$ cat run_0.cif   # mmCIF, N, CA and C atoms
data_upload
loop_
_atom_site.group_PDB
_atom_site.id
_atom_site.type_symbol
_atom_site.label_atom_id
_atom_site.label_comp_id
_atom_site.auth_asym_id
_atom_site.auth_seq_id
_atom_site.Cartn_x
_atom_site.Cartn_y
_atom_site.Cartn_z
ATOM 1 N N MET A 1 -36.076 15.480 -17.445
ATOM 2 C CA MET A 1 -35.157 15.131 -16.394
ATOM 3 C C MET A 1 -33.770 15.663 -16.700
ATOM 4 N N THR A 2 -33.307 15.387 -17.913
ATOM 5 C CA THR A 2 -31.969 15.817 -18.301
ATOM 6 C C THR A 2 -31.861 17.339 -18.316
ATOM 7 N N VAL A 3 -32.920 18.003 -18.713
ATOM 8 C CA VAL A 3 -32.915 19.474 -18.736
ATOM 9 C C VAL A 3 -32.832 20.022 -17.320
ATOM 10 N N LEU A 4 -33.608 19.457 -16.413
ATOM 11 C CA LEU A 4 -33.543 19.905 -15.017
ATOM 12 C C LEU A 4 -32.148 19.670 -14.440
ATOM 13 N N GLN A 5 -31.591 18.514 -14.721
ATOM 14 C CA GLN A 5 -30.247 18.200 -14.232
ATOM 15 C C GLN A 5 -29.232 19.198 -14.780
ATOM 16 N N PHE A 6 -29.343 19.504 -16.059
ATOM 17 C CA PHE A 6 -28.437 20.462 -16.690
ATOM 18 C C PHE A 6 -28.590 21.854 -16.070
ATOM 19 N N MET A 7 -29.844 22.289 -15.918
ATOM 20 C CA MET A 7 -30.086 23.637 -15.405
ATOM 21 C C MET A 7 -29.561 23.820 -13.989
ATOM 22 N N GLU A 8 -29.605 22.772 -13.189
ATOM 23 C CA GLU A 8 -29.131 22.877 -11.809
ATOM 24 C C GLU A 8 -27.703 22.383 -11.638
ATOM 25 N N GLU A 9 -27.081 21.997 -12.752
ATOM 26 C CA GLU A 9 -25.689 21.535 -12.770
ATOM 27 C C GLU A 9 -25.444 20.446 -11.731
ATOM 28 N N LEU A 10 -26.305 19.424 -11.750
ATOM 29 C CA LEU A 10 -26.211 18.345 -10.778
ATOM 30 C C LEU A 10 -25.585 17.104 -11.397
ATOM 31 N N PRO A 11 -24.714 16.430 -10.653
ATOM 32 C CA PRO A 11 -24.248 15.120 -11.113
ATOM 33 C C PRO A 11 -25.408 14.119 -11.032
ATOM 34 N N ASP A 12 -25.246 12.972 -11.656
ATOM 35 C CA ASP A 12 -26.331 11.986 -11.733
ATOM 36 C C ASP A 12 -26.898 11.609 -10.368
ATOM 37 N N ARG A 13 -26.045 11.347 -9.408
ATOM 38 C CA ARG A 13 -26.511 10.906 -8.097
ATOM 39 C C ARG A 13 -27.389 11.979 -7.434
ATOM 40 N N GLN A 14 -26.979 13.238 -7.513
ATOM 41 C CA GLN A 14 -27.769 14.321 -6.906
ATOM 42 C C GLN A 14 -29.065 14.550 -7.676
ATOM 43 N N ALA A 15 -29.039 14.373 -8.995
ATOM 44 C CA ALA A 15 -30.264 14.524 -9.779
ATOM 45 C C ALA A 15 -31.266 13.430 -9.419
ATOM 46 N N ALA A 16 -30.790 12.202 -9.274
ATOM 47 C CA ALA A 16 -31.679 11.103 -8.872
ATOM 48 C C ALA A 16 -32.242 11.367 -7.471
ATOM 49 N N ASP A 17 -31.428 11.901 -6.584
ATOM 50 C CA ASP A 17 -31.906 12.268 -5.242
ATOM 51 C C ASP A 17 -32.980 13.353 -5.330
ATOM 52 N N ALA A 18 -32.798 14.303 -6.233
ATOM 53 C CA ALA A 18 -33.781 15.376 -6.397
ATOM 54 C C ALA A 18 -35.121 14.821 -6.866
ATOM 55 N N VAL A 19 -35.096 13.828 -7.747
ATOM 56 C CA VAL A 19 -36.340 13.204 -8.212
ATOM 57 C C VAL A 19 -37.052 12.525 -7.045
ATOM 58 N N ARG A 20 -36.301 11.903 -6.163
ATOM 59 C CA ARG A 20 -36.902 11.214 -5.021
ATOM 60 C C ARG A 20 -37.394 12.178 -3.947
ATOM 61 N N GLY A 21 -36.721 13.317 -3.778
ATOM 62 C CA GLY A 21 -37.001 14.135 -2.615
ATOM 63 C C GLY A 21 -37.539 15.531 -2.831
ATOM 64 N N ARG A 22 -37.594 15.991 -4.058
ATOM 65 C CA ARG A 22 -38.037 17.372 -4.266
ATOM 66 C C ARG A 22 -39.409 17.419 -4.933
ATOM 67 N N ILE A 23 -40.314 18.102 -4.296
ATOM 68 C CA ILE A 23 -41.677 18.199 -4.804
ATOM 69 C C ILE A 23 -41.701 18.906 -6.153
ATOM 70 N N ASP A 24 -40.888 19.960 -6.313
ATOM 71 C CA ASP A 24 -40.906 20.698 -7.571
ATOM 72 C C ASP A 24 -40.470 19.803 -8.741
ATOM 73 N N TRP A 25 -39.480 18.958 -8.526
ATOM 74 C CA TRP A 25 -39.039 18.047 -9.590
ATOM 75 C C TRP A 25 -40.125 17.017 -9.890
ATOM 76 N N LYS A 26 -40.750 16.474 -8.855
ATOM 77 C CA LYS A 26 -41.822 15.498 -9.063
ATOM 78 C C LYS A 26 -42.957 16.136 -9.869
ATOM 79 N N TYR A 27 -43.304 17.351 -9.537
ATOM 80 C CA TYR A 27 -44.367 18.052 -10.248
ATOM 81 C C TYR A 27 -43.994 18.259 -11.716
ATOM 82 N N LEU A 28 -42.798 18.775 -11.960
ATOM 83 C CA LEU A 28 -42.358 19.034 -13.327
ATOM 84 C C LEU A 28 -42.257 17.762 -14.175
ATOM 85 N N LEU A 29 -41.933 16.655 -13.528
ATOM 86 C CA LEU A 29 -41.812 15.380 -14.233
ATOM 87 C C LEU A 29 -43.124 14.603 -14.284
ATOM 88 N N GLY A 30 -44.172 15.154 -13.674
ATOM 89 C CA GLY A 30 -45.481 14.503 -13.696
ATOM 90 C C GLY A 30 -45.538 13.251 -12.839
ATOM 91 N N LEU A 31 -44.776 13.215 -11.756
ATOM 92 C CA LEU A 31 -44.727 12.040 -10.887
ATOM 93 C C LEU A 31 -45.626 12.229 -9.670
ATOM 94 N N GLU A 32 -46.108 11.127 -9.141
ATOM 95 C CA GLU A 32 -46.853 11.154 -7.881
ATOM 96 C C GLU A 32 -45.881 11.478 -6.746
ATOM 97 N N LEU A 33 -46.374 12.071 -5.680
ATOM 98 C CA LEU A 33 -45.505 12.404 -4.545
ATOM 99 C C LEU A 33 -44.850 11.165 -3.944
ATOM 100 N N ALA A 34 -45.515 10.038 -4.014
ATOM 101 C CA ALA A 34 -44.981 8.807 -3.435
ATOM 102 C C ALA A 34 -44.066 8.044 -4.399
ATOM 103 N N ASP A 35 -43.836 8.584 -5.590
ATOM 104 C CA ASP A 35 -42.987 7.885 -6.561
ATOM 105 C C ASP A 35 -41.599 7.665 -5.966
ATOM 106 N N PRO A 36 -41.087 6.433 -6.054
ATOM 107 C CA PRO A 36 -39.802 6.127 -5.428
ATOM 108 C C PRO A 36 -38.583 6.633 -6.194
ATOM 109 N N GLY A 37 -38.761 7.124 -7.408
ATOM 110 C CA GLY A 37 -37.630 7.594 -8.195
ATOM 111 C C GLY A 37 -36.900 6.445 -8.860
ATOM 112 N N PHE A 38 -35.608 6.604 -9.091
ATOM 113 C CA PHE A 38 -34.821 5.598 -9.797
ATOM 114 C C PHE A 38 -33.369 5.712 -9.386
ATOM 115 N N ASP A 39 -32.597 4.708 -9.756
ATOM 116 C CA ASP A 39 -31.171 4.703 -9.462
ATOM 117 C C ASP A 39 -30.454 5.674 -10.387
ATOM 118 N N ALA A 40 -29.413 6.304 -9.893
ATOM 119 C CA ALA A 40 -28.666 7.298 -10.674
ATOM 120 C C ALA A 40 -28.069 6.712 -11.945
ATOM 121 N N SER A 41 -27.787 5.425 -11.971
ATOM 122 C CA SER A 41 -27.189 4.802 -13.157
ATOM 123 C C SER A 41 -28.107 4.872 -14.374
ATOM 124 N N VAL A 42 -29.403 5.043 -14.149
ATOM 125 C CA VAL A 42 -30.361 5.143 -15.252
ATOM 126 C C VAL A 42 -30.034 6.346 -16.141
ATOM 127 N N LEU A 43 -29.590 7.430 -15.548
ATOM 128 C CA LEU A 43 -29.293 8.643 -16.322
ATOM 129 C C LEU A 43 -28.118 8.422 -17.259
ATOM 130 N N SER A 44 -27.081 7.808 -16.778
ATOM 131 C CA SER A 44 -25.915 7.515 -17.607
ATOM 132 C C SER A 44 -26.276 6.539 -18.721
ATOM 133 N N GLU A 45 -27.046 5.508 -18.385
ATOM 134 C CA GLU A 45 -27.484 4.528 -19.386
ATOM 135 C C GLU A 45 -28.321 5.195 -20.461
ATOM 136 N N PHE A 46 -29.202 6.118 -20.067
ATOM 137 C CA PHE A 46 -30.028 6.838 -21.033
ATOM 138 C C PHE A 46 -29.158 7.632 -21.999
ATOM 139 N N ARG A 47 -28.195 8.365 -21.471
ATOM 140 C CA ARG A 47 -27.318 9.167 -22.341
ATOM 141 C C ARG A 47 -26.507 8.281 -23.273
ATOM 142 N N GLN A 48 -26.031 7.148 -22.771
ATOM 143 C CA GLN A 48 -25.262 6.230 -23.620
ATOM 144 C C GLN A 48 -26.111 5.692 -24.763
ATOM 145 N N ARG A 49 -27.357 5.308 -24.478
ATOM 146 C CA ARG A 49 -28.246 4.811 -25.536
ATOM 147 C C ARG A 49 -28.572 5.915 -26.534
ATOM 148 N N LEU A 50 -28.755 7.101 -26.042
ATOM 149 C CA LEU A 50 -29.068 8.237 -26.903
ATOM 150 C C LEU A 50 -27.939 8.478 -27.901
ATOM 151 N N VAL A 51 -26.703 8.505 -27.414
ATOM 152 C CA VAL A 51 -25.544 8.748 -28.276
ATOM 153 C C VAL A 51 -25.289 7.554 -29.196
ATOM 154 N N LYS A 52 -25.407 6.354 -28.660
ATOM 155 C CA LYS A 52 -25.179 5.149 -29.466
ATOM 156 C C LYS A 52 -26.151 5.090 -30.640
ATOM 157 N N GLY A 53 -27.372 5.510 -30.413
ATOM 158 C CA GLY A 53 -28.381 5.529 -31.468
ATOM 159 C C GLY A 53 -28.360 6.795 -32.302
ATOM 160 N N SER A 54 -27.387 7.660 -32.064
ATOM 161 C CA SER A 54 -27.257 8.942 -32.775
ATOM 162 C C SER A 54 -28.547 9.755 -32.706
ATOM 163 N N ALA A 55 -29.206 9.710 -31.573
ATOM 164 C CA ALA A 55 -30.488 10.399 -31.423
ATOM 165 C C ALA A 55 -30.383 11.693 -30.628
ATOM 166 N N GLU A 56 -29.163 12.086 -30.232
ATOM 167 C CA GLU A 56 -29.047 13.293 -29.412
ATOM 168 C C GLU A 56 -29.533 14.534 -30.151
ATOM 169 N N HIS A 57 -29.284 14.603 -31.467
ATOM 170 C CA HIS A 57 -29.753 15.763 -32.237
ATOM 171 C C HIS A 57 -31.276 15.743 -32.372
ATOM 172 N N LEU A 58 -31.849 14.553 -32.540
ATOM 173 C CA LEU A 58 -33.303 14.435 -32.631
ATOM 174 C C LEU A 58 -33.957 14.904 -31.337
ATOM 175 N N LEU A 59 -33.424 14.482 -30.207
ATOM 176 C CA LEU A 59 -33.955 14.920 -28.919
ATOM 177 C C LEU A 59 -33.835 16.429 -28.766
ATOM 178 N N PHE A 60 -32.664 16.963 -29.113
ATOM 179 C CA PHE A 60 -32.434 18.403 -28.993
ATOM 180 C C PHE A 60 -33.387 19.191 -29.889
ATOM 181 N N GLU A 61 -33.532 18.761 -31.148
ATOM 182 C CA GLU A 61 -34.415 19.463 -32.086
ATOM 183 C C GLU A 61 -35.876 19.374 -31.641
ATOM 184 N N THR A 62 -36.281 18.219 -31.130
ATOM 185 C CA THR A 62 -37.649 18.055 -30.639
ATOM 186 C C THR A 62 -37.914 18.985 -29.462
ATOM 187 N N LEU A 63 -36.962 19.051 -28.546
ATOM 188 C CA LEU A 63 -37.093 19.953 -27.405
ATOM 189 C C LEU A 63 -37.187 21.406 -27.870
ATOM 190 N N LEU A 64 -36.350 21.793 -28.817
ATOM 191 C CA LEU A 64 -36.408 23.158 -29.343
ATOM 192 C C LEU A 64 -37.757 23.450 -29.990
ATOM 193 N N ASP A 65 -38.270 22.500 -30.784
ATOM 194 C CA ASP A 65 -39.563 22.685 -31.448
ATOM 195 C C ASP A 65 -40.683 22.895 -30.439
ATOM 196 N N VAL A 66 -40.711 22.074 -29.393
ATOM 197 C CA VAL A 66 -41.749 22.204 -28.364
ATOM 198 C C VAL A 66 -41.646 23.560 -27.673
ATOM 199 N N CYS A 67 -40.430 23.962 -27.335
ATOM 200 C CA CYS A 67 -40.232 25.254 -26.663
ATOM 201 C C CYS A 67 -40.656 26.416 -27.560
ATOM 202 N N LYS A 68 -40.350 26.331 -28.847
ATOM 203 C CA LYS A 68 -40.756 27.384 -29.783
ATOM 204 C C LYS A 68 -42.275 27.425 -29.928
ATOM 205 N N GLN A 69 -42.912 26.256 -30.048
ATOM 206 C CA GLN A 69 -44.365 26.189 -30.189
ATOM 207 C C GLN A 69 -45.081 26.791 -28.992
ATOM 208 N N ARG A 70 -44.505 26.639 -27.838
ATOM 209 C CA ARG A 70 -45.128 27.161 -26.620
ATOM 210 C C ARG A 70 -44.722 28.598 -26.334
ATOM 211 N N GLY A 71 -43.914 29.188 -27.212
ATOM 212 C CA GLY A 71 -43.526 30.578 -27.055
ATOM 213 C C GLY A 71 -42.428 30.813 -26.038
ATOM 214 N N TRP A 72 -41.721 29.755 -25.664
ATOM 215 C CA TRP A 72 -40.658 29.889 -24.671
ATOM 216 C C TRP A 72 -39.349 30.314 -25.297
ATOM 217 N N LEU A 73 -39.199 30.148 -26.601
ATOM 218 C CA LEU A 73 -37.979 30.520 -27.316
ATOM 219 C C LEU A 73 -38.332 31.244 -28.597
ATOM 220 N N LYS A 74 -37.448 32.120 -29.004
ATOM 221 C CA LYS A 74 -37.569 32.768 -30.298
ATOM 222 C C LYS A 74 -36.614 32.064 -31.249
ATOM 223 N N ALA A 75 -36.859 32.215 -32.542
ATOM 224 C CA ALA A 75 -35.964 31.616 -33.534
ATOM 225 C C ALA A 75 -34.584 32.250 -33.413
ATOM 226 N N ALA A 76 -33.562 31.444 -33.585
ATOM 227 C CA ALA A 76 -32.176 31.933 -33.486
ATOM 228 C C ALA A 76 -31.860 32.838 -34.662
ATOM 229 N N ALA A 77 -31.118 33.898 -34.377
ATOM 230 C CA ALA A 77 -30.729 34.830 -35.419
ATOM 231 C C ALA A 77 -29.450 34.389 -36.109
ATOM 232 N N ALA A 78 -28.654 33.558 -35.438
ATOM 233 C CA ALA A 78 -27.365 33.143 -35.991
ATOM 234 C C ALA A 78 -27.555 32.082 -37.060
ATOM 235 N N PRO A 79 -26.786 32.153 -38.155
ATOM 236 C CA PRO A 79 -26.854 31.110 -39.165
ATOM 237 C C PRO A 79 -26.398 29.773 -38.590
ATOM 238 N N ALA A 80 -26.907 28.690 -39.139
ATOM 239 C CA ALA A 80 -26.624 27.358 -38.612
ATOM 240 C C ALA A 80 -25.127 27.053 -38.596
ATOM 241 N N HIS A 81 -24.399 27.434 -39.649
ATOM 242 C CA HIS A 81 -22.969 27.103 -39.685
ATOM 243 C C HIS A 81 -22.213 27.795 -38.563
ATOM 244 N N ARG A 82 -22.633 28.998 -38.205
ATOM 245 C CA ARG A 82 -21.993 29.714 -37.095
ATOM 246 C C ARG A 82 -22.313 29.025 -35.772
ATOM 247 N N PHE A 83 -23.546 28.565 -35.639
ATOM 248 C CA PHE A 83 -23.966 27.883 -34.426
ATOM 249 C C PHE A 83 -23.157 26.603 -34.232
ATOM 250 N N HIS A 84 -23.020 25.798 -35.279
ATOM 251 C CA HIS A 84 -22.279 24.542 -35.168
ATOM 252 C C HIS A 84 -20.807 24.802 -34.868
ATOM 253 N N ALA A 85 -20.237 25.833 -35.461
ATOM 254 C CA ALA A 85 -18.840 26.158 -35.182
ATOM 255 C C ALA A 85 -18.681 26.618 -33.736
ATOM 256 N N CYS A 86 -19.672 27.364 -33.262
ATOM 257 C CA CYS A 86 -19.607 27.889 -31.902
ATOM 258 C C CYS A 86 -19.592 26.766 -30.873
ATOM 259 N N VAL A 87 -20.414 25.731 -31.083
ATOM 260 C CA VAL A 87 -20.492 24.661 -30.089
ATOM 261 C C VAL A 87 -19.484 23.559 -30.348
ATOM 262 N N GLY A 88 -18.670 23.695 -31.377
ATOM 263 C CA GLY A 88 -17.590 22.747 -31.609
ATOM 264 C C GLY A 88 -18.039 21.386 -32.071
ATOM 265 N N GLU A 89 -19.130 21.315 -32.847
ATOM 266 C CA GLU A 89 -19.637 20.027 -33.283
ATOM 267 C C GLU A 89 -18.694 19.311 -34.232
ATOM 268 N N ASP A 90 -17.742 20.017 -34.794
ATOM 269 C CA ASP A 90 -16.807 19.371 -35.701
ATOM 270 C C ASP A 90 -15.631 18.765 -34.953
ATOM 271 N N ARG A 91 -15.601 18.871 -33.637
ATOM 272 C CA ARG A 91 -14.492 18.340 -32.845
ATOM 273 C C ARG A 91 -14.868 16.985 -32.277
ATOM 274 N N SER A 92 -14.054 15.989 -32.540
ATOM 275 C CA SER A 92 -14.347 14.640 -32.067
ATOM 276 C C SER A 92 -13.889 14.418 -30.631
ATOM 277 N N ASP A 93 -13.131 15.354 -30.061
ATOM 278 C CA ASP A 93 -12.601 15.156 -28.708
ATOM 279 C C ASP A 93 -13.556 15.641 -27.624
ATOM 280 N N GLN A 94 -14.738 16.126 -28.005
ATOM 281 C CA GLN A 94 -15.685 16.631 -27.022
ATOM 282 C C GLN A 94 -16.779 15.604 -26.780
ATOM 283 N N SER A 95 -17.145 15.425 -25.527
ATOM 284 C CA SER A 95 -18.257 14.541 -25.189
ATOM 285 C C SER A 95 -19.564 15.242 -25.552
ATOM 286 N N PRO A 96 -20.658 14.483 -25.676
ATOM 287 C CA PRO A 96 -21.959 15.115 -25.939
ATOM 288 C C PRO A 96 -22.334 16.111 -24.846
ATOM 289 N N HIS A 97 -21.917 15.844 -23.598
ATOM 290 C CA HIS A 97 -22.233 16.763 -22.504
ATOM 291 C C HIS A 97 -21.547 18.112 -22.722
ATOM 292 N N VAL A 98 -20.281 18.089 -23.156
ATOM 293 C CA VAL A 98 -19.553 19.332 -23.412
ATOM 294 C C VAL A 98 -20.199 20.075 -24.569
ATOM 295 N N ARG A 99 -20.562 19.355 -25.626
ATOM 296 C CA ARG A 99 -21.228 20.010 -26.755
ATOM 297 C C ARG A 99 -22.565 20.585 -26.317
ATOM 298 N N GLY A 100 -23.287 19.844 -25.459
ATOM 299 C CA GLY A 100 -24.578 20.325 -24.972
ATOM 300 C C GLY A 100 -24.446 21.619 -24.194
ATOM 301 N N ARG A 101 -23.413 21.707 -23.358
ATOM 302 C CA ARG A 101 -23.187 22.945 -22.605
ATOM 303 C C ARG A 101 -22.847 24.066 -23.567
ATOM 304 N N GLY A 102 -22.149 23.733 -24.655
ATOM 305 C CA GLY A 102 -21.817 24.732 -25.651
ATOM 306 C C GLY A 102 -23.058 25.306 -26.306
ATOM 307 N N HIS A 103 -24.066 24.462 -26.535
ATOM 308 C CA HIS A 103 -25.321 24.941 -27.126
ATOM 309 C C HIS A 103 -25.932 26.028 -26.242
ATOM 310 N N ALA A 104 -25.874 25.811 -24.937
ATOM 311 C CA ALA A 104 -26.484 26.776 -24.019
ATOM 312 C C ALA A 104 -25.688 28.067 -23.949
ATOM 313 N N LEU A 105 -24.403 27.998 -24.214
ATOM 314 C CA LEU A 105 -23.541 29.174 -24.082
ATOM 315 C C LEU A 105 -23.350 29.942 -25.376
ATOM 316 N N CYS A 106 -23.719 29.345 -26.480
ATOM 317 C CA CYS A 106 -23.509 29.972 -27.781
ATOM 318 C C CYS A 106 -24.347 31.238 -27.900
ATOM 319 N N PRO A 107 -23.748 32.358 -28.277
ATOM 320 C CA PRO A 107 -24.524 33.606 -28.386
ATOM 321 C C PRO A 107 -25.521 33.525 -29.527
ATOM 322 N N GLN A 108 -26.655 34.128 -29.322
ATOM 323 C CA GLN A 108 -27.710 34.142 -30.352
ATOM 324 C C GLN A 108 -27.445 35.209 -31.383
#
$ encode --input "run_0.cif" --output "structure tokens"
Amino acid sequence: MTVLQFMEELPDRQAADAVRGRIDWKYLLGLELADPGFDASVLSEFRQRLVKGSAEHLLFETLLDVCKQRGWLKAAAAPAHRFHACVGEDRSDQSPHVRGRGHALCPQ
């Protein structure tokens, strides 16, 4: 869900609407066509719990592992320290969302 929202650059309310009304999103999320979806506040609550539990890196690494196993991604050529510097992980003034966008923009 979060990946689809990120890829389409949708705010929470529009992403929740997409889950309720778009067949492609329902298919990708494994939902029945009649699934009623959820309130947009669920997305914000999920991100807050993820960060509070310091699990954002675990989720990111798990997603990367699955994508690599399925052949959707190649291993990064950049050393880890360069990658972390590129996305600004050492900066405390950035939200997880800003750091996440940095991951997508960091050159390989």
$ closest_residue --input "run_0.cif" --among "A:Leu64, A:Ala40, A:Ala55, A:Ala34" --to "Met1 (chain A)" --atoms "only C-alpha atoms"
A:Ala40
$ atom_distance --input "run_0.cif" --atom1 "CA of Leu58 (chain A)" --atom2 "CA of Pro11 (chain A)"
23.4 Å
$ residues_around --input "run_0.cif" --residues "Arg20 (chain A)" --least-positions-apart "4" --cutoff "6.5 Å" --atoms "only N, CA and C atoms" --output "list in words"
Ala15, Ala16, Asp35, Pro36, Gly37 and Phe38 of chain A
$ atom_distance --input "run_0.cif" --atom1 "CA of Asp17 (chain A)" --atom2 "CA of Asp65 (chain A)"
29.2 Å
$ resolve_selection --input "run_0.cif" --expression "the PyMOL selection byres (((chain A and resi 4 and name CA) around 12) and name CA)" --output "number ranges by chain"
A: 1-3, 5-12, 14-16, 18-19, 22, 24-29
$ closest_residue --input "run_0.cif" --among "A:Leu50, A:His57, A:Asp39, A:Lys68" --to "Arg13 (chain A)" --atoms "only N, CA and C atoms"
A:Asp39
$ atom_distance --input "run_0.cif" --atom1 "CA of Leu59 (chain A)" --atom2 "CA of Phe46 (chain A)"
12.0 Å
$ closest_residue --input "run_0.cif" --among "A:Gly21, A:Arg49, A:Gln69, A:Phe60" --to "Leu33 (chain A)" --atoms "only C-alpha atoms"
A:Gly21
$ decode --input "run_0.cif" --residues "region 38-52 of chain A" --atoms "N, CA, C and O atoms" --output "PDB file, in the first residue's frame"
ATOM      1  N   PHE A  38     -10.529   1.359   3.681  1.00  0.00           N
ATOM      2  CA  PHE A  38     -10.283   1.808   5.048  1.00  0.00           C
ATOM      3  C   PHE A  38     -10.210   3.319   5.077  1.00  0.00           C
ATOM      4  O   PHE A  38     -10.108   3.974   4.041  1.00  0.00           O
ATOM      5  N   ASP A  39     -10.242   3.864   6.278  1.00  0.00           N
ATOM      6  CA  ASP A  39     -10.141   5.305   6.457  1.00  0.00           C
ATOM      7  C   ASP A  39      -8.704   5.749   6.231  1.00  0.00           C
ATOM      8  O   ASP A  39      -7.757   5.031   6.566  1.00  0.00           O
ATOM      9  N   ALA A  40      -8.529   6.933   5.689  1.00  0.00           N
ATOM     10  CA  ALA A  40      -7.191   7.454   5.380  1.00  0.00           C
ATOM     11  C   ALA A  40      -6.311   7.570   6.616  1.00  0.00           C
ATOM     12  O   ALA A  40      -5.084   7.464   6.523  1.00  0.00           O
ATOM     13  N   SER A  41      -6.891   7.743   7.786  1.00  0.00           N
ATOM     14  CA  SER A  41      -6.101   7.886   9.014  1.00  0.00           C
ATOM     15  C   SER A  41      -5.290   6.632   9.331  1.00  0.00           C
ATOM     16  O   SER A  41      -4.274   6.700  10.022  1.00  0.00           O
ATOM     17  N   VAL A  42      -5.699   5.492   8.791  1.00  0.00           N
ATOM     18  CA  VAL A  42      -4.976   4.239   9.019  1.00  0.00           C
ATOM     19  C   VAL A  42      -3.543   4.341   8.490  1.00  0.00           C
ATOM     20  O   VAL A  42      -2.604   3.819   9.102  1.00  0.00           O
ATOM     21  N   LEU A  43      -3.355   5.022   7.384  1.00  0.00           N
ATOM     22  CA  LEU A  43      -2.019   5.134   6.786  1.00  0.00           C
ATOM     23  C   LEU A  43      -1.082   5.929   7.680  1.00  0.00           C
ATOM     24  O   LEU A  43       0.069   5.527   7.908  1.00  0.00           O
ATOM     25  N   SER A  44      -1.544   7.023   8.203  1.00  0.00           N
ATOM     26  CA  SER A  44      -0.736   7.839   9.105  1.00  0.00           C
ATOM     27  C   SER A  44      -0.420   7.075  10.387  1.00  0.00           C
ATOM     28  O   SER A  44       0.715   7.094  10.872  1.00  0.00           O
ATOM     29  N   GLU A  45      -1.418   6.388  10.933  1.00  0.00           N
ATOM     30  CA  GLU A  45      -1.216   5.588  12.147  1.00  0.00           C
ATOM     31  C   GLU A  45      -0.190   4.496  11.906  1.00  0.00           C
ATOM     32  O   GLU A  45       0.656   4.224  12.769  1.00  0.00           O
ATOM     33  N   PHE A  46      -0.246   3.851  10.738  1.00  0.00           N
ATOM     34  CA  PHE A  46       0.720   2.808  10.402  1.00  0.00           C
ATOM     35  C   PHE A  46       2.135   3.372  10.379  1.00  0.00           C
ATOM     36  O   PHE A  46       3.056   2.802  10.966  1.00  0.00           O
ATOM     37  N   ARG A  47       2.318   4.499   9.717  1.00  0.00           N
ATOM     38  CA  ARG A  47       3.660   5.101   9.642  1.00  0.00           C
ATOM     39  C   ARG A  47       4.157   5.509  11.020  1.00  0.00           C
ATOM     40  O   ARG A  47       5.335   5.325  11.338  1.00  0.00           O
ATOM     41  N   GLN A  48       3.272   6.045  11.850  1.00  0.00           N
ATOM     42  CA  GLN A  48       3.675   6.438  13.206  1.00  0.00           C
ATOM     43  C   GLN A  48       4.124   5.234  14.020  1.00  0.00           C
ATOM     44  O   GLN A  48       5.144   5.294  14.721  1.00  0.00           O
ATOM     45  N   ARG A  49       3.390   4.123  13.936  1.00  0.00           N
ATOM     46  CA  ARG A  49       3.782   2.910  14.666  1.00  0.00           C
ATOM     47  C   ARG A  49       5.095   2.354  14.129  1.00  0.00           C
ATOM     48  O   ARG A  49       5.931   1.859  14.881  1.00  0.00           O
ATOM     49  N   LEU A  50       5.266   2.419  12.844  1.00  0.00           N
ATOM     50  CA  LEU A  50       6.486   1.921  12.218  1.00  0.00           C
ATOM     51  C   LEU A  50       7.702   2.683  12.738  1.00  0.00           C
ATOM     52  O   LEU A  50       8.703   2.082  13.141  1.00  0.00           O
ATOM     53  N   VAL A  51       7.617   4.008  12.757  1.00  0.00           N
ATOM     54  CA  VAL A  51       8.729   4.842  13.217  1.00  0.00           C
ATOM     55  C   VAL A  51       8.923   4.709  14.727  1.00  0.00           C
ATOM     56  O   VAL A  51      10.050   4.592  15.207  1.00  0.00           O
ATOM     57  N   LYS A  52       7.830   4.691  15.468  1.00  0.00           N
ATOM     58  CA  LYS A  52       7.918   4.567  16.928  1.00  0.00           C
ATOM     59  C   LYS A  52       8.613   3.268  17.321  1.00  0.00           C
ATOM     60  O   LYS A  52       9.388   3.229  18.265  1.00  0.00           O
TER      61      LYS A  52
END
